Amino acid sequence: MNKANLDIQVFRAYYESDEVFITNHAAERCRQRGITTRDLRSVIFSGEIIEFYPDDYPFPSYLICGKDASERVIHVCMSNEGTGSKIITAYLPSPERWSSDFKSRKEVNK
């Protein structure tokens, strides 16, 4: 997978410098899904980038897979805006759509 040479450390640095913002959409989805801001931070500091979306507008985005404090696997989609990041959405990955480690998508039979 091409991550465009971006490392998870970039997102961790954004967190450390308080340059991560949560979109209204992400805040609502997190509320609906029982994902807290503490959970989001835990995912970024425990996780890894598993997908890269270079054509997302207005900034490229990255899907991060990590765990919260209770070992729950969560996916967080974040933009990289060069000096900071926005959390676009977060969700609990479905075992029907993801591999057992939740890091790669299962093939869809059409």
# chains A, B, ... in the order shown; residues from 1 in each chain; ligands from 1
>>> residues_around(residues="Lys67 in chain A", least_positions_apart="3", cutoff="8 Å", atoms="only C-alpha atoms", output="mmCIF file with N, CA and C atoms, in the first residue's frame")
data_model
loop_
_atom_site.group_PDB
_atom_site.id
_atom_site.type_symbol
_atom_site.label_atom_id
_atom_site.label_comp_id
_atom_site.auth_asym_id
_atom_site.auth_seq_id
_atom_site.Cartn_x
_atom_site.Cartn_y
_atom_site.Cartn_z
ATOM 1 N N ASP A 39 -10.826 7.642 23.195
ATOM 2 C CA ASP A 39 -10.683 6.473 22.320
ATOM 3 C C ASP A 39 -9.949 6.863 21.035
ATOM 4 N N SER A 42 -6.302 7.244 21.678
ATOM 5 C CA SER A 42 -5.705 5.930 21.905
ATOM 6 C C SER A 42 -5.458 5.207 20.584
ATOM 7 N N VAL A 43 -6.407 5.297 19.658
ATOM 8 C CA VAL A 43 -6.248 4.660 18.350
ATOM 9 C C VAL A 43 -5.042 5.238 17.619
ATOM 10 N N SER A 46 -1.844 4.008 19.275
ATOM 11 C CA SER A 46 -1.608 2.560 19.260
ATOM 12 C C SER A 46 -1.644 1.984 17.852
ATOM 13 N N GLY A 47 -2.105 2.770 16.897
ATOM 14 C CA GLY A 47 -2.438 2.219 15.591
ATOM 15 C C GLY A 47 -1.419 2.407 14.495
ATOM 16 N N SER A 70 -9.813 -0.340 26.113
ATOM 17 C CA SER A 70 -10.411 -1.654 26.414
ATOM 18 C C SER A 70 -10.140 -2.683 25.317
ATOM 19 N N GLU A 71 -9.169 -2.375 24.427
ATOM 20 C CA GLU A 71 -8.752 -3.284 23.355
ATOM 21 C C GLU A 71 -9.778 -3.420 22.233
ATOM 22 N N ARG A 72 -10.701 -2.494 22.153
ATOM 23 C CA ARG A 72 -11.681 -2.485 21.064
ATOM 24 C C ARG A 72 -11.007 -1.912 19.824
ATOM 25 N N VAL A 73 -11.110 -2.611 18.683
ATOM 26 C CA VAL A 73 -10.516 -2.131 17.434
ATOM 27 C C VAL A 73 -11.420 -1.043 16.850
ATOM 28 N N ILE A 74 -10.800 0.073 16.498
ATOM 29 C CA ILE A 74 -11.516 1.208 15.922
ATOM 30 C C ILE A 74 -10.740 1.683 14.697
#
>>> select_by_dssp(residues="chain A", states="alpha helix (DSSP H)", output="ChimeraX atom specification")
/A:8-16,24-33,37-46
>>> select_by_dssp(residues="chain A", states="strand (DSSP E or B)", output="PyMOL selection string")
chain A and resi 20-22+48-53+61-67+73-79+85-91+98+105
>>> atom_distance(atom1="CA of Arg97 in chain A", atom2="CA of Cys77 in chain A")
16.4 Å
>>> residues_around(residues="Asn24 in chain A", least_positions_apart="2", cutoff="12 Å", atoms="only C-alpha atoms", output="tab-separated table (two decimals) with N, CA, C and O atoms, in the first residue's frame")
chain	number	residue	atom	x	y	z
A	21	PHE	N	-8.49	18.31	14.83
A	21	PHE	CA	-9.84	18.81	15.00
A	21	PHE	C	-10.84	17.74	14.58
A	21	PHE	O	-10.55	16.94	13.69
A	22	ILE	N	-11.98	17.72	15.21
A	22	ILE	CA	-13.01	16.73	14.91
A	22	ILE	C	-14.12	17.42	14.14
A	22	ILE	O	-14.69	18.41	14.62
A	26	ALA	N	-17.90	13.71	12.23
A	26	ALA	CA	-17.20	12.73	13.05
A	26	ALA	C	-17.70	12.76	14.49
A	26	ALA	O	-17.88	11.71	15.10
A	27	ALA	N	-17.95	13.94	15.01
A	27	ALA	CA	-18.43	14.05	16.39
A	27	ALA	C	-19.78	13.34	16.54
A	27	ALA	O	-20.01	12.61	17.51
A	28	GLU	N	-20.66	13.53	15.58
A	28	GLU	CA	-21.98	12.89	15.63
A	28	GLU	C	-21.85	11.37	15.49
A	28	GLU	O	-22.47	10.62	16.23
A	29	ARG	N	-21.04	10.91	14.56
A	29	ARG	CA	-20.85	9.47	14.37
A	29	ARG	C	-20.22	8.83	15.61
A	29	ARG	O	-20.61	7.74	16.02
A	30	CYS	N	-19.25	9.49	16.19
A	30	CYS	CA	-18.62	8.96	17.40
A	30	CYS	C	-19.64	8.86	18.53
A	30	CYS	O	-19.68	7.86	19.25
A	31	ARG	N	-20.47	9.88	18.68
A	31	ARG	CA	-21.50	9.85	19.71
A	31	ARG	C	-22.43	8.66	19.49
A	31	ARG	O	-22.73	7.90	20.41
A	86	LYS	N	-7.82	16.79	10.46
A	86	LYS	CA	-9.21	16.70	10.89
A	86	LYS	C	-9.60	15.23	10.94
A	86	LYS	O	-9.24	14.45	10.04
A	87	ILE	N	-10.32	14.87	11.99
A	87	ILE	CA	-10.90	13.53	12.04
A	87	ILE	C	-12.18	13.59	11.25
A	87	ILE	O	-13.08	14.38	11.57
A	88	ILE	N	-12.26	12.78	10.21
A	88	ILE	CA	-13.40	12.79	9.30
A	88	ILE	C	-14.50	11.86	9.79
A	88	ILE	O	-15.68	12.20	9.75
A	89	THR	N	-14.11	10.69	10.24
A	89	THR	CA	-15.07	9.74	10.81
A	89	THR	C	-14.31	8.69	11.61
A	89	THR	O	-13.09	8.57	11.50
A	90	ALA	N	-15.06	7.94	12.40
A	90	ALA	CA	-14.50	6.83	13.16
A	90	ALA	C	-15.60	5.79	13.31
A	90	ALA	O	-16.78	6.13	13.43
>>> atom_distance(atom1="CA of Glu96 in chain A", atom2="CA of Arg38 in chain A")
26.5 Å
>>> residues_around(residues="Arg105 in chain A", least_positions_apart="5", cutoff="12 Å", atoms="only C-alpha atoms", output="ChimeraX atom specification")
/A:50-51,63,93-100
>>> residues_around(residues="Glu16 in chain A", least_positions_apart="5", cutoff="12 Å", atoms="only C-alpha atoms", output="list in words")
Gln9, Val10, Phe11, Arg41, Ile44, Phe45, Gly84 and Ser85 of chain A
>>> residues_around(residues="range 55-60 of chain A", least_positions_apart="2", cutoff="9 Å", atoms="only C-alpha atoms", output="ChimeraX atom specification")
/A:52-53,62,78-82
>>> atom_distance(atom1="CA of Thr83 in chain A", atom2="CA of Ser104 in chain A")
28.4 Å
>>> decode(residues="range 4-51 of chain A", atoms="C-alpha atoms", output="compact mmCIF listing (two decimals), in the first residue's frame")
# COMPACT_ATOMS: atom_id res chain seq x y z
CA ALA A 4 2.69 8.62 0.26
CA ASN A 5 5.63 8.42 2.67
CA LEU A 6 3.47 9.62 5.55
CA ASP A 7 4.10 7.93 8.85
CA ILE A 8 1.69 7.56 11.77
CA GLN A 9 4.15 9.73 13.73
CA VAL A 10 2.89 12.75 11.78
CA PHE A 11 -0.61 12.29 13.21
CA ARG A 12 0.78 11.70 16.69
CA ALA A 13 2.75 14.95 16.40
CA TYR A 14 -0.45 16.77 15.38
CA TYR A 15 -2.09 15.44 18.55
CA GLU A 16 0.87 16.50 20.69
CA SER A 17 0.72 20.04 19.26
CA ASP A 18 -3.10 20.20 19.62
CA GLU A 19 -3.62 20.43 15.85
CA VAL A 20 -6.27 17.69 15.48
CA PHE A 21 -9.84 18.81 15.00
CA ILE A 22 -13.01 16.73 14.91
CA THR A 23 -15.51 17.50 12.17
CA ASN A 24 -19.19 17.83 13.09
CA HIS A 25 -19.85 14.65 11.10
CA ALA A 26 -17.20 12.73 13.05
CA ALA A 27 -18.43 14.05 16.39
CA GLU A 28 -21.98 12.89 15.63
CA ARG A 29 -20.85 9.47 14.37
CA CYS A 30 -18.62 8.96 17.40
CA ARG A 31 -21.50 9.85 19.71
CA GLN A 32 -23.76 7.35 17.91
CA ARG A 33 -21.10 4.64 18.04
CA GLY A 34 -19.94 5.14 21.62
CA ILE A 35 -16.46 6.32 20.63
CA THR A 36 -14.95 8.99 22.91
CA THR A 37 -12.25 11.55 22.20
CA ARG A 38 -10.02 9.52 24.53
CA ASP A 39 -10.68 6.47 22.32
CA LEU A 40 -9.68 8.45 19.21
CA ARG A 41 -6.40 9.50 20.79
CA SER A 42 -5.70 5.93 21.90
CA VAL A 43 -6.25 4.66 18.35
CA ILE A 44 -3.79 7.18 16.91
CA PHE A 45 -1.13 6.34 19.50
CA SER A 46 -1.61 2.56 19.26
CA GLY A 47 -2.44 2.22 15.59
CA GLU A 48 -1.07 2.19 12.09
CA ILE A 49 -2.08 3.59 8.72
CA ILE A 50 -3.86 0.87 6.72
CA GLU A 51 -5.24 2.81 3.73
